[in-house]
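Structure record follows, encoded as structure tokens.
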Amino acid sequence: MELIDRILSEENIKAAIHAVKSNKGAPGIDKMAVEALDEYFAKHGEAIKEQIRAKQYKPQPVRRVYIPKANGKQRPLGIPTVVDRVIQQATAQILSLGYERYFSDHSQGFRPNRSCHTAMEQALEYLNAGCEWVIDLDSANFAPDQELSESGRDGRRAGQPNGRRRTAGRPPVTGTEQRVS
């Protein structure tokens, strides 16, 4: 069985719909609620699968919202449509079967059965065992985007031959944010 067949299997799509519904969450730009997923996939599921198989499926733009942070700043959050979330979930469910074993056991973020809560539990175990340091690394701000190349003359972003920032696999965002191509 091909990888795409496992991702698009009826059993996997149903599990993905269940996971997305369980997570709840706000609607994307199409305003479809998670409660509408069963009916929507009953009616459009086969067409969506065919679009994916034909490499014609295009995720919708994400809805951009801002969440206030404790320091007074705001964190941007992209909210995909619930249909796109199902496709993402179905893909992750199958791919994680293959790559999960390669992650460090100490890695907590975006992994099955792990969360910020399990990270805190692990940190407390280390502290109780006598460790004195806890290091929390947020790689999102580790290497901020460069507006100019190292020469600073041609307006290109550092390391990007055409000066455009590429973000693989992410659909464009709506609102006042720039679309990433």
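In the structure tokens, chains take letters A, B, ... by order of appearance, with residues numbered from 1 within each chain and ligands from 1 in the order shown.
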task: List the neighbours of Ala16 (chain A) out to 7 Å using only C-alpha atoms; skip same-chain residues closer than 6 positions along the sequence, and give me the result as a list in words.
output: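 Surrounding residues, per the criterion: Val86, Gln89 and Ala90 of chain A.
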Using the chain letters and numbers from this document, which residues of region 41-153 of chain A does DSSP assign to alpha helix (DSSP H), as number ranges by chain?
A: 41-53, 82-99, 116-128
Residue selection dump (N, CA and C atoms) as a short mmCIF file (atom, residue, chain, number, x, y, z; two decimals), in the first residue's frame:
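In the end it all went to out.cif:
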```cif
data_model
loop_
_atom_site.label_atom_id
_atom_site.label_comp_id
_atom_site.auth_asym_id
_atom_site.auth_seq_id
_atom_site.Cartn_x
_atom_site.Cartn_y
_atom_site.Cartn_z
N PHE A 41 -17.57 15.80 5.02
CA PHE A 41 -16.75 14.73 4.43
C PHE A 41 -17.61 13.64 3.81
N ALA A 42 -18.82 13.43 4.32
CA ALA A 42 -19.72 12.47 3.69
C ALA A 42 -20.07 12.93 2.28
N LYS A 43 -20.21 14.22 2.12
CA LYS A 43 -20.61 14.78 0.82
C LYS A 43 -19.40 15.04 -0.10
N HIS A 44 -18.28 15.54 0.46
CA HIS A 44 -17.15 15.99 -0.37
C HIS A 44 -15.86 15.19 -0.18
N GLY A 45 -15.89 14.19 0.71
CA GLY A 45 -14.66 13.45 1.04
C GLY A 45 -13.97 12.83 -0.16
N GLU A 46 -14.73 12.16 -1.02
CA GLU A 46 -14.12 11.49 -2.18
C GLU A 46 -13.50 12.51 -3.14
N ALA A 47 -14.16 13.64 -3.33
CA ALA A 47 -13.61 14.68 -4.21
C ALA A 47 -12.32 15.25 -3.64
N ILE A 48 -12.27 15.44 -2.33
CA ILE A 48 -11.05 15.95 -1.69
C ILE A 48 -9.92 14.94 -1.87
N LYS A 49 -10.21 13.66 -1.67
CA LYS A 49 -9.19 12.62 -1.84
C LYS A 49 -8.67 12.60 -3.27
N GLU A 50 -9.57 12.73 -4.23
CA GLU A 50 -9.14 12.74 -5.63
C GLU A 50 -8.28 13.95 -5.94
N GLN A 51 -8.63 15.10 -5.39
CA GLN A 51 -7.80 16.31 -5.57
C GLN A 51 -6.41 16.08 -5.02
N ILE A 52 -6.33 15.45 -3.86
CA ILE A 52 -5.02 15.19 -3.25
C ILE A 52 -4.23 14.21 -4.11
N ARG A 53 -4.87 13.13 -4.53
CA ARG A 53 -4.18 12.14 -5.37
C ARG A 53 -3.69 12.76 -6.69
N VAL A 82 -11.19 23.92 9.10
CA VAL A 82 -11.31 22.61 9.74
C VAL A 82 -11.05 21.48 8.74
N VAL A 83 -11.37 21.69 7.47
CA VAL A 83 -11.08 20.68 6.44
C VAL A 83 -9.57 20.52 6.29
N ASP A 84 -8.86 21.63 6.23
CA ASP A 84 -7.40 21.56 6.13
C ASP A 84 -6.80 20.90 7.37
N ARG A 85 -7.41 21.16 8.54
CA ARG A 85 -6.93 20.52 9.77
C ARG A 85 -7.10 19.00 9.70
N VAL A 86 -8.18 18.53 9.10
CA VAL A 86 -8.38 17.09 8.95
C VAL A 86 -7.29 16.50 8.06
N ILE A 87 -6.99 17.16 6.94
CA ILE A 87 -5.95 16.67 6.03
C ILE A 87 -4.59 16.67 6.74
N GLN A 88 -4.30 17.74 7.46
CA GLN A 88 -3.04 17.81 8.21
C GLN A 88 -2.97 16.69 9.25
N GLN A 89 -4.06 16.48 9.97
CA GLN A 89 -4.11 15.45 11.01
C GLN A 89 -3.95 14.06 10.41
N ALA A 90 -4.64 13.80 9.31
CA ALA A 90 -4.55 12.49 8.65
C ALA A 90 -3.11 12.23 8.21
N THR A 91 -2.45 13.25 7.69
CA THR A 91 -1.06 13.11 7.25
C THR A 91 -0.15 12.87 8.44
N ALA A 92 -0.31 13.66 9.50
CA ALA A 92 0.54 13.53 10.68
C ALA A 92 0.37 12.17 11.34
N GLN A 93 -0.86 11.65 11.38
CA GLN A 93 -1.11 10.35 12.01
C GLN A 93 -0.28 9.25 11.35
N ILE A 94 -0.17 9.29 10.04
CA ILE A 94 0.57 8.24 9.33
C ILE A 94 2.07 8.52 9.36
N LEU A 95 2.46 9.76 9.10
CA LEU A 95 3.90 10.07 9.09
C LEU A 95 4.54 9.87 10.46
N SER A 96 3.80 10.18 11.52
CA SER A 96 4.38 10.05 12.86
C SER A 96 4.70 8.59 13.20
N LEU A 97 4.02 7.66 12.56
CA LEU A 97 4.33 6.25 12.78
C LEU A 97 5.76 5.94 12.35
N GLY A 98 6.25 6.66 11.35
CA GLY A 98 7.60 6.42 10.85
C GLY A 98 8.68 7.26 11.50
N TYR A 99 8.38 8.50 11.84
CA TYR A 99 9.46 9.36 12.34
C TYR A 99 9.49 9.54 13.85
N CYS A 116 3.16 20.80 27.06
CA CYS A 116 3.90 21.65 27.98
C CYS A 116 3.78 21.09 29.40
N HIS A 117 2.69 20.41 29.69
CA HIS A 117 2.51 19.82 31.02
C HIS A 117 3.51 18.68 31.26
N THR A 118 3.71 17.83 30.26
CA THR A 118 4.69 16.75 30.43
C THR A 118 6.10 17.31 30.49
N ALA A 119 6.35 18.42 29.80
CA ALA A 119 7.66 19.06 29.88
C ALA A 119 7.91 19.58 31.29
N MET A 120 6.89 20.19 31.89
CA MET A 120 7.03 20.70 33.27
C MET A 120 7.22 19.54 34.25
N GLU A 121 6.51 18.45 34.07
CA GLU A 121 6.68 17.28 34.93
C GLU A 121 8.11 16.76 34.86
N GLN A 122 8.66 16.70 33.63
CA GLN A 122 10.03 16.23 33.45
C GLN A 122 11.01 17.19 34.11
N ALA A 123 10.78 18.49 33.95
CA ALA A 123 11.67 19.49 34.58
C ALA A 123 11.64 19.34 36.10
N LEU A 124 10.46 19.12 36.67
CA LEU A 124 10.35 18.94 38.12
C LEU A 124 11.08 17.67 38.58
N GLU A 125 10.98 16.61 37.80
CA GLU A 125 11.72 15.39 38.13
C GLU A 125 13.21 15.65 38.18
N TYR A 126 13.72 16.40 37.18
CA TYR A 126 15.14 16.73 37.16
C TYR A 126 15.53 17.57 38.37
N LEU A 127 14.70 18.57 38.70
CA LEU A 127 14.98 19.41 39.86
C LEU A 127 14.98 18.58 41.15
N ASN A 128 14.02 17.70 41.30
CA ASN A 128 13.95 16.84 42.48
C ASN A 128 15.11 15.85 42.55
#
```
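Taking only C-alpha atoms into account, Gly78 (chain A) lies nearest to A:Arg63 out of the set A:Lys21, A:Arg63, A:Arg114, A:His106.
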Practice item. Record the distance separating CA of Ser9 (chain A) and CA of Lys58 (chain A), expressed in Å with one decimal. Key: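 Answer for the CA of Ser9 (chain A) to CA of Lys58 (chain A) separation: 19.3 Å.
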Subject >> Contact residues around Lys24 (chain A) with only C-alpha atoms at 9 Å, ignoring same-chain residues under 6 positions, as JSON, numbers by chain >> reply: {"A": [33, 34, 35]}
